[in-house]
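Data file: protein31.txt. Format and content: compact mmCIF, C-alpha atoms and all ligand atoms.
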# COMPACT_ATOMS: atom_id res chain seq x y z
CA MET V 1 21.42 -14.20 -16.89
CA ALA V 2 19.53 -11.76 -14.71
CA LEU V 3 19.12 -11.02 -11.04
CA ILE V 4 15.42 -11.20 -10.25
CA VAL V 5 13.57 -10.49 -7.02
CA GLN V 6 10.24 -12.35 -6.79
CA LYS V 7 7.81 -11.35 -4.06
CA TYR V 8 4.93 -13.67 -3.15
CA GLY V 9 1.94 -12.40 -1.19
CA GLY V 10 -0.16 -14.16 1.44
CA THR V 11 -2.49 -16.09 -0.88
CA SER V 12 0.51 -17.27 -2.88
CA VAL V 13 1.98 -18.96 0.22
CA ALA V 14 -1.36 -19.86 1.85
CA ASN V 15 -0.57 -23.57 2.22
CA PRO V 16 2.22 -26.08 1.53
CA GLU V 17 0.84 -26.86 -1.93
CA ARG V 18 1.10 -23.23 -3.01
CA ILE V 19 4.58 -22.94 -1.56
CA LYS V 20 5.56 -25.98 -3.63
CA ASN V 21 4.13 -24.24 -6.72
CA LEU V 22 6.14 -21.16 -5.91
CA ALA V 23 9.28 -23.29 -5.55
CA ALA V 24 8.60 -24.89 -8.92
CA ARG V 25 8.43 -21.46 -10.56
CA VAL V 26 11.65 -20.40 -8.86
CA ALA V 27 13.24 -23.63 -10.08
CA ARG V 28 12.25 -22.82 -13.68
CA TYR V 29 13.86 -19.38 -13.45
CA LYS V 30 16.95 -20.86 -11.83
CA ALA V 31 17.24 -23.44 -14.61
CA LEU V 32 17.44 -20.56 -17.09
CA GLY V 33 20.54 -19.36 -15.25
CA HIS V 34 19.00 -16.46 -13.33
CA LYS V 35 19.91 -15.45 -9.79
CA LEU V 36 16.85 -15.39 -7.57
CA VAL V 37 15.90 -13.61 -4.36
CA VAL V 38 12.46 -14.61 -3.09
CA VAL V 39 10.54 -12.43 -0.64
CA VAL V 40 7.51 -13.97 1.04
CA SER V 41 4.58 -12.69 3.11
CA ALA V 42 2.94 -14.60 5.91
CA MET V 43 0.28 -17.16 4.96
CA SER V 44 -2.95 -15.33 4.16
CA GLY V 45 -4.92 -14.53 7.27
CA GLU V 46 -1.95 -15.10 9.54
CA THR V 47 -1.06 -11.46 10.18
CA ASN V 48 -4.71 -10.72 11.00
CA ARG V 49 -4.82 -13.72 13.31
CA LEU V 50 -1.73 -12.55 15.18
CA ILE V 51 -3.10 -9.01 15.54
CA SER V 52 -6.37 -10.39 16.95
CA LEU V 53 -4.46 -12.54 19.44
CA ALA V 54 -2.58 -9.47 20.64
CA LYS V 55 -5.83 -7.51 20.95
CA GLU V 56 -7.38 -10.24 23.08
CA ILE V 57 -4.72 -9.47 25.64
CA MET V 58 -4.34 -5.72 25.19
CA PRO V 59 -7.08 -3.94 23.20
CA ASP V 60 -4.66 -1.30 21.94
CA PRO V 61 -1.47 -3.41 21.80
CA ASP V 62 1.91 -1.96 22.61
CA PRO V 63 3.45 -1.46 19.15
CA ARG V 64 6.87 -2.92 19.96
CA GLU V 65 5.36 -6.14 21.27
CA LEU V 66 2.86 -6.26 18.42
CA ASP V 67 5.77 -6.24 15.96
CA VAL V 68 7.48 -9.05 17.87
CA MET V 69 4.29 -11.06 17.36
CA VAL V 70 3.25 -10.24 13.81
CA SER V 71 6.74 -10.63 12.36
CA THR V 72 6.56 -14.36 13.18
CA GLY V 73 4.15 -14.97 10.28
CA GLU V 74 6.87 -14.33 7.73
CA GLN V 75 9.45 -16.32 9.69
CA VAL V 76 7.33 -19.43 9.16
CA THR V 77 6.97 -18.97 5.41
CA ILE V 78 10.66 -18.27 4.70
CA GLY V 79 11.55 -21.58 6.34
CA MET V 80 8.83 -23.41 4.43
CA THR V 81 9.91 -21.82 1.15
CA ALA V 82 13.56 -22.73 1.68
CA LEU V 83 12.52 -26.31 2.50
CA ALA V 84 10.35 -26.51 -0.62
CA LEU V 85 13.29 -25.37 -2.76
CA MET V 86 15.62 -27.87 -1.12
CA GLU V 87 13.13 -30.61 -1.86
CA LEU V 88 13.58 -29.72 -5.54
CA GLY V 89 17.33 -30.04 -5.18
CA ILE V 90 17.94 -26.29 -5.12
CA LYS V 91 20.36 -24.71 -2.68
CA ALA V 92 18.33 -22.26 -0.62
CA LYS V 93 18.81 -20.17 2.48
CA SER V 94 16.31 -18.11 4.44
CA TYR V 95 16.83 -14.79 6.20
CA THR V 96 14.67 -12.81 8.58
CA GLY V 97 14.77 -9.03 8.20
CA SER V 98 17.20 -8.69 11.08
CA GLN V 99 19.46 -11.45 9.74
CA VAL V 100 19.80 -9.57 6.46
CA LYS V 101 20.05 -6.35 8.35
CA ILE V 102 17.17 -4.51 6.84
CA VAL V 103 17.63 -1.53 9.13
CA THR V 104 14.58 0.65 9.76
CA ASP V 105 13.64 3.55 11.99
CA ASP V 106 11.88 2.69 15.26
CA ALA V 107 8.33 3.59 14.23
CA PHE V 108 6.91 0.21 15.25
CA THR V 109 4.11 -1.14 13.03
CA LYS V 110 4.95 1.35 10.28
CA ALA V 111 8.73 1.55 10.18
CA ARG V 112 10.67 2.93 7.22
CA ILE V 113 13.67 1.19 5.72
CA LEU V 114 16.89 3.14 6.25
CA SER V 115 19.45 0.74 4.80
CA ILE V 116 19.95 -2.83 3.64
CA ASP V 117 23.15 -4.81 4.03
CA GLU V 118 23.27 -6.73 0.76
CA HIS V 119 26.69 -8.30 1.39
CA ASN V 120 25.64 -11.78 2.58
CA ILE V 121 22.87 -12.08 0.02
CA LYS V 122 25.25 -11.28 -2.81
CA GLN V 123 27.71 -13.83 -1.56
CA ASP V 124 25.01 -16.51 -1.32
CA LEU V 125 23.79 -15.69 -4.83
CA ASP V 126 27.33 -15.97 -6.15
CA ASN V 127 27.56 -19.35 -4.45
CA GLY V 128 24.48 -20.60 -6.24
CA TYR V 129 21.87 -20.19 -3.51
CA VAL V 130 18.34 -18.95 -3.89
CA VAL V 131 17.97 -16.45 -1.06
CA VAL V 132 14.59 -16.31 0.69
CA VAL V 133 13.88 -13.16 2.69
CA ALA V 134 11.04 -12.45 5.12
CA GLY V 135 8.89 -9.59 3.87
CA PHE V 136 7.36 -6.85 6.04
CA GLN V 137 10.03 -6.84 8.75
CA GLY V 138 13.24 -5.13 9.72
CA VAL V 139 15.31 -4.24 12.73
CA ASP V 140 15.98 -0.84 14.25
CA THR V 141 19.42 0.39 15.25
CA ASN V 142 18.85 -0.95 18.78
CA GLY V 143 18.09 -4.46 17.56
CA ASN V 144 14.32 -4.24 18.04
CA ILE V 145 12.14 -6.07 15.52
CA THR V 146 10.04 -3.68 13.44
CA THR V 147 7.38 -4.11 10.75
CA LEU V 148 6.76 -1.95 7.71
CA GLY V 149 2.99 -1.48 7.77
CA ARG V 150 0.29 -3.69 6.26
CA GLY V 151 1.23 -4.91 2.82
CA GLY V 152 4.87 -4.15 3.64
CA SER V 153 6.30 -7.24 1.94
CA ASP V 154 5.95 -5.40 -1.37
CA THR V 155 8.28 -2.78 0.01
CA THR V 156 10.79 -5.39 1.19
CA GLY V 157 10.79 -6.83 -2.33
CA VAL V 158 11.32 -3.55 -4.13
CA ALA V 159 13.84 -2.24 -1.59
CA LEU V 160 15.90 -5.43 -1.94
CA ALA V 161 15.69 -5.14 -5.72
CA ALA V 162 17.00 -1.58 -5.41
CA ALA V 163 19.79 -2.53 -3.00
CA LEU V 164 20.89 -5.46 -5.17
CA GLN V 165 20.43 -3.51 -8.40
CA ALA V 166 18.23 -6.34 -9.62
CA ASP V 167 17.19 -6.46 -13.25
CA GLU V 168 13.52 -6.86 -12.30
CA CYS V 169 11.23 -7.07 -9.30
CA GLN V 170 8.23 -9.33 -9.85
CA ILE V 171 5.28 -9.04 -7.48
CA TYR V 172 3.29 -12.28 -7.57
CA THR V 173 -0.23 -12.01 -6.21
CA ASP V 174 -3.76 -13.38 -6.58
CA VAL V 175 -4.68 -11.18 -9.57
CA ASP V 176 -2.81 -11.18 -12.87
CA GLY V 177 -1.85 -7.52 -12.82
CA VAL V 178 -3.01 -4.02 -12.01
CA TYR V 179 -6.62 -3.43 -13.02
CA THR V 180 -8.64 -0.31 -13.77
CA THR V 181 -10.05 -0.82 -10.26
CA ASP V 182 -10.26 -3.64 -7.74
CA PRO V 183 -11.71 -6.52 -9.78
CA ARG V 184 -13.38 -7.82 -6.62
CA VAL V 185 -15.60 -4.74 -6.51
CA VAL V 186 -16.08 -4.21 -10.24
CA PRO V 187 -16.00 -7.50 -12.15
CA GLU V 188 -15.84 -5.48 -15.42
CA ALA V 189 -12.47 -4.02 -14.41
CA ARG V 190 -9.76 -4.56 -17.02
CA ARG V 191 -6.12 -5.46 -16.59
CA LEU V 192 -3.65 -2.83 -17.75
CA ASP V 193 -0.61 -4.03 -19.74
CA LYS V 194 1.30 -1.10 -18.33
CA ILE V 195 0.75 1.87 -16.11
CA THR V 196 2.93 4.90 -15.52
CA PHE V 197 4.84 5.12 -12.29
CA GLU V 198 3.06 8.36 -11.40
CA GLU V 199 -0.37 6.79 -11.80
CA MET V 200 0.62 3.72 -9.82
CA LEU V 201 1.90 5.97 -7.05
CA GLU V 202 -1.42 7.82 -6.89
CA LEU V 203 -3.48 4.62 -7.04
CA ALA V 204 -1.43 3.07 -4.25
CA SER V 205 -1.55 6.20 -2.14
CA GLN V 206 -5.32 6.37 -2.60
CA GLY V 207 -5.78 2.83 -1.35
CA SER V 208 -5.24 0.30 -4.17
CA LYS V 209 -3.65 -2.33 -2.03
CA VAL V 210 -2.28 -4.30 -4.98
CA LEU V 211 1.03 -2.51 -4.21
CA GLN V 212 1.98 -0.86 -0.95
CA ILE V 213 2.68 2.83 -1.55
CA ARG V 214 6.20 2.70 -0.19
CA SER V 215 7.13 -0.04 -2.63
CA VAL V 216 6.10 2.24 -5.49
CA GLU V 217 8.08 5.10 -3.96
CA PHE V 218 11.18 2.88 -3.82
CA ALA V 219 10.65 1.77 -7.40
CA GLY V 220 10.50 5.41 -8.48
CA LYS V 221 13.49 6.54 -6.50
CA TYR V 222 15.78 3.73 -7.64
CA LYS V 223 14.17 3.09 -11.05
CA VAL V 224 13.41 -0.53 -10.24
CA LYS V 225 11.75 -2.38 -13.08
CA LEU V 226 8.53 -3.50 -11.40
CA ARG V 227 5.93 -5.95 -12.66
CA VAL V 228 2.75 -7.31 -11.05
CA LEU V 229 1.87 -10.90 -12.00
CA SER V 230 -0.36 -13.79 -10.99
CA SER V 231 1.15 -16.57 -8.93
CA PHE V 232 -1.64 -18.88 -10.10
CA GLU V 233 -0.85 -18.64 -13.80
CA ASP V 234 2.34 -19.40 -15.63
CA GLU V 235 1.39 -17.43 -18.74
CA GLY V 236 0.98 -13.69 -19.10
CA ASP V 237 3.12 -10.62 -18.68
CA GLY V 238 1.08 -8.99 -15.92
CA THR V 239 1.36 -5.22 -15.61
CA LEU V 240 4.60 -3.31 -16.04
CA ILE V 241 5.11 -0.07 -14.14
CA THR V 242 6.74 2.26 -16.70
CA PHE V 243 8.89 5.31 -16.28
CA GLU V 244 8.75 6.73 -19.80
CA GLU V 245 7.18 10.11 -20.28
CA GLU V 246 3.90 9.19 -21.90
CA ASN V 247 2.23 11.33 -24.49
CA THR V 248 -0.72 12.29 -22.35
CA MET V 249 -2.87 13.25 -25.35
CA GLU V 250 -2.96 9.60 -26.33
CA GLN V 251 -3.65 8.34 -22.84
CA PRO V 252 -7.09 7.48 -21.61
CA VAL V 253 -8.19 10.37 -19.42
CA ILE V 254 -8.68 8.14 -16.40
CA SER V 255 -6.52 5.05 -15.94
CA GLY V 256 -7.88 3.73 -12.71
CA ILE V 257 -10.08 4.16 -9.67
CA ALA V 258 -8.84 3.57 -6.15
CA PHE V 259 -10.74 3.50 -2.90
CA ASN V 260 -9.94 3.38 0.76
CA ARG V 261 -12.11 2.23 3.63
CA ASP V 262 -9.38 2.76 6.19
CA GLU V 263 -9.73 6.46 6.90
CA ALA V 264 -11.72 8.34 9.51
CA LYS V 265 -12.70 11.99 9.54
CA ILE V 266 -12.02 14.35 12.42
CA THR V 267 -13.80 17.69 12.64
CA VAL V 268 -12.83 20.58 14.87
CA LEU V 269 -15.67 23.10 14.98
CA GLY V 270 -15.71 26.77 15.90
CA VAL V 271 -12.01 27.51 15.88
CA PRO V 272 -10.98 31.19 16.03
CA ASP V 273 -9.76 32.20 12.57
CA LYS V 274 -6.23 33.44 13.12
CA PRO V 275 -2.66 32.63 12.06
CA GLY V 276 -1.12 29.50 13.55
CA ILE V 277 -4.35 27.57 14.07
CA ALA V 278 -3.64 24.80 11.56
CA TYR V 279 -0.28 24.28 13.18
CA GLN V 280 -1.75 24.25 16.69
CA ILE V 281 -4.25 21.58 15.65
CA LEU V 282 -2.05 19.39 13.49
CA GLY V 283 1.30 19.89 15.24
CA PRO V 284 0.48 17.70 18.26
CA VAL V 285 -1.13 15.10 15.97
CA ALA V 286 2.02 14.90 13.85
CA GLU V 287 4.22 14.74 16.95
CA ALA V 288 2.32 11.63 18.00
CA ASN V 289 3.28 10.13 14.61
CA VAL V 290 -0.33 10.07 13.36
CA ASP V 291 -0.41 10.51 9.58
CA VAL V 292 -2.91 13.04 8.28
CA ASP V 293 -4.25 12.72 4.75
CA MET V 294 -6.92 15.15 3.51
CA ILE V 295 -7.33 18.55 5.15
CA ILE V 296 -10.11 21.10 4.70
CA GLN V 297 -10.62 24.42 6.40
CA ASN V 298 -13.66 26.61 5.98
CA THR V 299 -14.35 30.00 7.49
CA GLY V 300 -17.98 30.60 8.41
CA ALA V 301 -19.95 33.84 8.52
CA ASP V 302 -19.27 34.26 12.26
CA GLY V 303 -15.53 34.47 11.62
CA THR V 304 -14.71 31.10 13.16
CA THR V 305 -13.24 28.24 11.22
CA ASP V 306 -14.22 24.59 10.88
CA PHE V 307 -11.24 22.33 10.42
CA THR V 308 -11.64 18.80 9.04
CA PHE V 309 -8.99 16.18 8.32
CA THR V 310 -8.66 12.45 7.84
CA VAL V 311 -6.43 9.92 9.60
CA HIS V 312 -6.20 6.12 9.58
CA LYS V 313 -9.21 4.55 11.33
CA ASN V 314 -6.88 2.81 13.77
CA GLU V 315 -5.58 6.19 14.87
CA MET V 316 -8.84 8.13 15.14
CA ASN V 317 -9.21 7.64 18.89
CA LYS V 318 -5.59 8.49 19.51
CA ALA V 319 -5.93 11.71 17.47
CA LEU V 320 -9.23 12.60 19.19
CA SER V 321 -7.78 12.25 22.66
CA ILE V 322 -4.73 14.33 21.74
CA LEU V 323 -7.01 17.06 20.42
CA ARG V 324 -9.37 16.96 23.40
CA ASP V 325 -6.57 16.84 25.97
CA LYS V 326 -3.99 19.14 24.49
CA VAL V 327 -5.63 21.33 21.88
CA GLN V 328 -9.32 22.05 22.47
CA GLY V 329 -9.03 24.19 25.58
CA HIS V 330 -5.91 25.86 24.32
CA ILE V 331 -7.38 27.14 21.04
CA GLY V 332 -10.96 27.45 22.29
CA ALA V 333 -12.60 25.11 19.78
CA ARG V 334 -16.34 24.58 20.30
CA GLU V 335 -16.54 20.88 19.45
CA ILE V 336 -14.37 17.99 18.30
CA SER V 337 -15.86 14.89 16.70
CA GLY V 338 -14.81 11.79 14.78
CA ASP V 339 -16.56 9.78 12.07
CA ASP V 340 -15.17 6.43 10.96
CA LYS V 341 -18.07 5.54 8.64
CA ILE V 342 -16.51 7.21 5.65
CA ALA V 343 -14.70 6.05 2.53
CA LYS V 344 -12.55 7.75 -0.04
CA VAL V 345 -12.86 7.23 -3.80
CA SER V 346 -10.24 8.57 -6.20
CA ILE V 347 -10.01 8.73 -9.96
CA VAL V 348 -6.46 8.79 -11.32
CA GLY V 349 -4.99 9.46 -14.74
CA VAL V 350 -2.16 11.40 -16.36
CA GLY V 351 -4.64 12.20 -19.12
CA MET V 352 -6.30 14.68 -16.72
CA ARG V 353 -3.48 17.08 -17.46
CA SER V 354 -4.71 17.63 -20.99
CA HIS V 355 -8.46 17.41 -20.40
CA VAL V 356 -10.89 19.71 -18.66
CA GLY V 357 -14.21 18.95 -17.01
CA ILE V 358 -13.13 15.72 -15.36
CA ALA V 359 -14.01 16.88 -11.85
CA SER V 360 -17.47 18.05 -12.88
CA GLN V 361 -18.09 14.76 -14.66
CA MET V 362 -17.12 12.93 -11.48
CA PHE V 363 -19.35 15.09 -9.28
CA ARG V 364 -22.29 14.82 -11.69
CA THR V 365 -21.98 11.03 -11.78
CA LEU V 366 -22.09 10.85 -7.99
CA ALA V 367 -24.93 13.39 -7.75
CA GLU V 368 -27.05 11.34 -10.15
CA GLU V 369 -26.84 8.49 -7.66
CA GLY V 370 -27.69 10.77 -4.75
CA ILE V 371 -24.23 10.33 -3.23
CA ASN V 372 -23.20 13.26 -1.05
CA ILE V 373 -19.59 14.45 -1.22
CA GLN V 374 -18.14 15.36 2.18
CA MET V 375 -14.59 16.32 1.23
CA ILE V 376 -12.67 16.84 -2.01
CA SER V 377 -8.98 16.89 -2.74
CA THR V 378 -7.18 17.09 -6.04
CA SER V 379 -3.72 16.80 -7.53
CA GLU V 380 -2.63 17.23 -11.12
CA ILE V 381 -3.56 13.63 -11.94
CA LYS V 382 -6.11 12.75 -9.24
CA ILE V 383 -9.50 13.75 -7.84
CA ALA V 384 -10.46 12.22 -4.51
CA VAL V 385 -13.75 12.49 -2.63
CA VAL V 386 -14.83 11.37 0.80
CA ILE V 387 -18.34 9.89 0.98
CA ASP V 388 -20.47 7.82 3.35
CA GLU V 389 -18.93 4.34 3.39
CA LYS V 390 -22.25 2.70 2.58
CA TYR V 391 -22.12 4.18 -0.94
CA LEU V 392 -18.55 3.16 -1.66
CA GLU V 393 -19.11 0.22 -3.99
CA LEU V 394 -21.90 2.01 -5.84
CA ALA V 395 -19.66 5.03 -6.34
CA VAL V 396 -16.78 2.96 -7.70
CA ARG V 397 -19.08 1.09 -10.10
CA VAL V 398 -20.80 4.16 -11.52
CA LEU V 399 -17.52 6.05 -11.93
CA HIS V 400 -15.92 3.05 -13.62
CA LYS V 401 -18.74 3.10 -16.13
CA ALA V 402 -18.93 6.88 -16.53
CA PHE V 403 -15.25 7.09 -17.43
CA GLU V 404 -15.62 4.17 -19.84
CA LEU V 405 -13.17 1.95 -18.04
CA ASP V 406 -15.46 -1.03 -18.72
CA ALA V 407 -15.00 -0.58 -22.45
CA GLU V 408 -12.41 -2.54 -24.40
P1 LIG C 501 -0.86 -10.02 -1.64
O1 LIG C 501 -1.28 -10.81 -0.46
O2 LIG C 501 -0.40 -10.86 -2.79
O3 LIG C 501 0.11 -8.92 -1.32
P2 LIG C 501 -3.02 -8.12 -1.71
O4 LIG C 501 -4.32 -8.62 -1.21
O5 LIG C 501 -2.21 -7.25 -0.83
O6 LIG C 501 -2.20 -9.36 -2.21
O7 LIG C 501 -3.22 -7.32 -3.08
C1 LIG C 501 -3.91 -7.95 -4.15
C2 LIG C 501 -5.36 -7.51 -4.13
O8 LIG C 501 -5.42 -6.12 -4.42
C3 LIG C 501 -6.23 -8.11 -5.20
O9 LIG C 501 -6.75 -9.36 -4.78
C4 LIG C 501 -7.32 -7.07 -5.41
O10 LIG C 501 -8.51 -7.41 -4.70
C5 LIG C 501 -6.75 -5.82 -4.78
N1 LIG C 501 -6.75 -4.66 -5.67
C6 LIG C 501 -7.14 -3.42 -5.32
N2 LIG C 501 -7.05 -2.59 -6.34
C7 LIG C 501 -6.57 -3.30 -7.39
C8 LIG C 501 -6.25 -2.97 -8.74
N3 LIG C 501 -6.39 -1.73 -9.23
N4 LIG C 501 -5.77 -3.95 -9.53
C9 LIG C 501 -5.60 -5.20 -9.05
N5 LIG C 501 -5.90 -5.57 -7.78
C10 LIG C 501 -6.38 -4.64 -6.96
N1 LIG C 502 1.88 -10.10 6.17
C1 LIG C 502 1.83 -8.67 6.13
C2 LIG C 502 0.40 -8.19 6.00
O1 LIG C 502 -0.52 -8.99 5.98
C3 LIG C 502 2.69 -8.07 5.06
C4 LIG C 502 2.28 -8.40 3.64
O2 LIG C 502 1.50 -9.32 3.42
O3 LIG C 502 2.76 -7.71 2.73
O4 LIG C 502 0.15 -7.01 5.97
MG MG C 503 -0.20 -7.04 -0.46
Conversion result in structure tokens:
Amino acid sequence: MALIVQKYGGTSVANPERIKNLAARVARYKALGHKLVVVVSAMSGETNRLISLAKEIMPDPDPRELDVMVSTGEQVTIGMTALALMELGIKAKSYTGSQVKIVTDDAFTKARILSIDEHNIKQDLDNGYVVVVAGFQGVDTNGNITTLGRGGSDTTGVALAAALQADECQIYTDVDGVYTTDPRVVPEARRLDKITFEEMLELASQGSKVLQIRSVEFAGKYKVKLRVLSSFEDEGDGTLITFEEENTMEQPVISGIAFNRDEAKITVLGVPDKPGIAYQILGPVAEANVDVDMIIQNTGADGTTDFTFTVHKNEMNKALSILRDKVQGHIGAREISGDDKIAKVSIVGVGMRSHVGIASQMFRTLAEEGINIQMISTSEIKIAVVIDEKYLELAVRVLHKAFELDAE
């Protein structure tokens, strides 16, 4: 008998029929004697619909009120899921994030989980209930509803699995595992039986939305056994995220390619080159809780510096106005501009540690297609480039081929 957390994404709860399918799977696991916690997302499209509704009223919606609205999507599906289980004769009980007490900080629309009160859930499980929990939402210490960022139901699932010390966390989605890249962009992409935690963390952080990055972080921190599976198929083992130290010599050099269309580039031109400048530019941006990803600084022949960094597209205007209002005059920058027509492509693999020439192979492959590289960043197991967004799919396809990810 095991304690299993199953998380179902939007397409897996898209209509009553699919919710009934989900309930049937849960029933099969229950019949084997397992204890089940089910985490559900909103029906697919629902979170987007709610965000659009908010924007029709306020173009840049107040984040607290936005969370009040978007968290309702998951409240609908937990009720439906509990009903579907009851219809199968299974005792079931639903919980919103605040009913569980999934306590988060107060960073509305991208809150972080601080603690989870697992007491009631454990009691229900001991009493034979299947517990259904709303993904993506929590409550801050003042009782405000918060949400965990897009794709945040994955994080609810893994965080609950950690808090309950579950034997496994299963992420059910509309693909049957983690692929070498998004199979919607490259049909030749292959499913991986397993992937190391480190690689999954890089892929997720570089934009593979199959798992939200914070869910992978939780899995790493609490050593949660995590598996990605299809909710449309009953067969198959999906992809297991492994924690063993792999022998990198035997690994393929590149395991996967991630991409991200959600970033925008901000450039600050003609900044005096002196100590403290990076802090003066990025300090106010960080204070406004805007996350910065890639950063590049280049000193020109005239002794001034050009400073470029990327932020989420949604936050480009916010970052630009902070810089223009609070920073530009202060540091004497010549010009500040934003570009949201960019995309980031990243190749990831632990095999990079034991191979040389990977970056040059990547750059050559892109050059042969006439794709200009605007920014580069690397880690031990990743090379990421920013390019014009119109070349994104081409770049992913040619890199997938160049690194022989198409091959069996
Ligand atoms: P859910 O609603 O179940 O959370 P998501 O849409 O968030 O599903 O994530 C699943 C999607 O992630 C897939 O449909 C696929 O298009 C995309 N995806 C991106 N990169 C990968 C990858 N490397 N492997 C599998 N799927 C990927
Ligand atoms: N419903 C939320 C979203 O669309 C959370 C999730 O699906 O994981 O982002
Ligand atoms: Mg998702």
When you look at range 33-50 of chain V with a cut-off of 9 Å (counting all atoms listed in the file), what residues show up, excluding the ones that are within fewer than 2 positions of it in the same chain? I need them as a JSON list (two decimals) with C-alpha atoms, in the coordinates of the input.
[["chain", "number", "residue", "atom", "x", "y", "z"],
["V", 1, "MET", "CA", 21.42, -14.20, -16.89],
["V", 2, "ALA", "CA", 19.53, -11.76, -14.71],
["V", 3, "LEU", "CA", 19.12, -11.02, -11.04],
["V", 4, "ILE", "CA", 15.42, -11.20, -10.25],
["V", 5, "VAL", "CA", 13.57, -10.49, -7.02],
["V", 6, "GLN", "CA", 10.24, -12.35, -6.79],
["V", 7, "LYS", "CA", 7.81, -11.35, -4.06],
["V", 8, "TYR", "CA", 4.93, -13.67, -3.15],
["V", 9, "GLY", "CA", 1.94, -12.40, -1.19],
["V", 10, "GLY", "CA", -0.16, -14.16, 1.44],
["V", 11, "THR", "CA", -2.49, -16.09, -0.88],
["V", 12, "SER", "CA", 0.51, -17.27, -2.88],
["V", 13, "VAL", "CA", 1.98, -18.96, 0.22],
["V", 14, "ALA", "CA", -1.36, -19.86, 1.85],
["V", 15, "ASN", "CA", -0.57, -23.57, 2.22],
["V", 26, "VAL", "CA", 11.65, -20.40, -8.86],
["V", 29, "TYR", "CA", 13.86, -19.38, -13.45],
["V", 30, "LYS", "CA", 16.95, -20.86, -11.83],
["V", 31, "ALA", "CA", 17.24, -23.44, -14.61],
["V", 52, "SER", "CA", -6.37, -10.39, 16.95],
["V", 53, "LEU", "CA", -4.46, -12.54, 19.44],
["V", 54, "ALA", "CA", -2.58, -9.47, 20.64],
["V", 55, "LYS", "CA", -5.83, -7.51, 20.95],
["V", 66, "LEU", "CA", 2.86, -6.26, 18.42],
["V", 69, "MET", "CA", 4.29, -11.06, 17.36],
["V", 70, "VAL", "CA", 3.25, -10.24, 13.81],
["V", 71, "SER", "CA", 6.74, -10.63, 12.36],
["V", 72, "THR", "CA", 6.56, -14.36, 13.18],
["V", 73, "GLY", "CA", 4.15, -14.97, 10.28],
["V", 74, "GLU", "CA", 6.87, -14.33, 7.73],
["V", 75, "GLN", "CA", 9.45, -16.32, 9.69],
["V", 76, "VAL", "CA", 7.33, -19.43, 9.16],
["V", 77, "THR", "CA", 6.97, -18.97, 5.41],
["V", 78, "ILE", "CA", 10.66, -18.27, 4.70],
["V", 81, "THR", "CA", 9.91, -21.82, 1.15],
["V", 121, "ILE", "CA", 22.87, -12.08, 0.02],
["V", 125, "LEU", "CA", 23.79, -15.69, -4.83],
["V", 126, "ASP", "CA", 27.33, -15.97, -6.15],
["V", 128, "GLY", "CA", 24.48, -20.60, -6.24],
["V", 129, "TYR", "CA", 21.87, -20.19, -3.51],
["V", 130, "VAL", "CA", 18.34, -18.95, -3.89],
["V", 131, "VAL", "CA", 17.97, -16.45, -1.06],
["V", 132, "VAL", "CA", 14.59, -16.31, 0.69],
["V", 133, "VAL", "CA", 13.88, -13.16, 2.69],
["V", 134, "ALA", "CA", 11.04, -12.45, 5.12],
["V", 135, "GLY", "CA", 8.89, -9.59, 3.87],
["V", 136, "PHE", "CA", 7.36, -6.85, 6.04],
["V", 150, "ARG", "CA", 0.29, -3.69, 6.26],
["V", 151, "GLY", "CA", 1.23, -4.91, 2.82],
["V", 152, "GLY", "CA", 4.87, -4.15, 3.64],
["V", 153, "SER", "CA", 6.30, -7.24, 1.94],
["V", 154, "ASP", "CA", 5.95, -5.40, -1.37],
["V", 156, "THR", "CA", 10.79, -5.39, 1.19],
["V", 157, "GLY", "CA", 10.79, -6.83, -2.33],
["V", 160, "LEU", "CA", 15.90, -5.43, -1.94],
["V", 161, "ALA", "CA", 15.69, -5.14, -5.72]]
Distance limit 8 Å, reference ligand LIG 501 (chain C), atoms considered: only C-alpha atoms and all ligand atoms. Which residues make the cut? Give them as JSON, numbers by chain. {"V": [8, 9, 10, 11, 12, 41, 44, 151, 153, 154, 171, 172, 173, 174, 175, 176, 177, 178, 179, 180, 181, 182, 183, 184, 185, 191, 203, 207, 208, 209, 210, 211, 212, 256, 257, 258, 259]}
Out of V:Ser215, V:Asn142, V:Ser205, V:Ser94, which residue has the shortest atom-to-atom distance to ligand LIG 502 (chain C) when counting only C-alpha atoms and all ligand atoms?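 Closest to ligand LIG 502 (chain C) of all the choices is V:Ser215.
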Measuring between all atoms listed in the file, which one of V:Val186, V:Ala92, V:Ile213, V:Ala278 shows the shortest distance to ligand LIG 502 (chain C)?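 Checking each of V:Val186, V:Ala92, V:Ile213, V:Ala278 against ligand LIG 502 (chain C), counting all atoms listed in the file, the winner is V:Ile213.
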Using all atoms listed in the file for the distances, tell me which of V:Gln170, V:Gln123, V:Thr96, V:Ser230 is nearest to Gln137 in chain V.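 For Gln137 in chain V, the nearest of the candidates is V:Thr96.
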Nearest residue to Lys274 in chain V out of V:Ile241, V:Leu22, V:Pro252, V:Ile331, using only C-alpha atoms?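 Looking at the shortest contact to Lys274 in chain V, the residue is V:Ile331.
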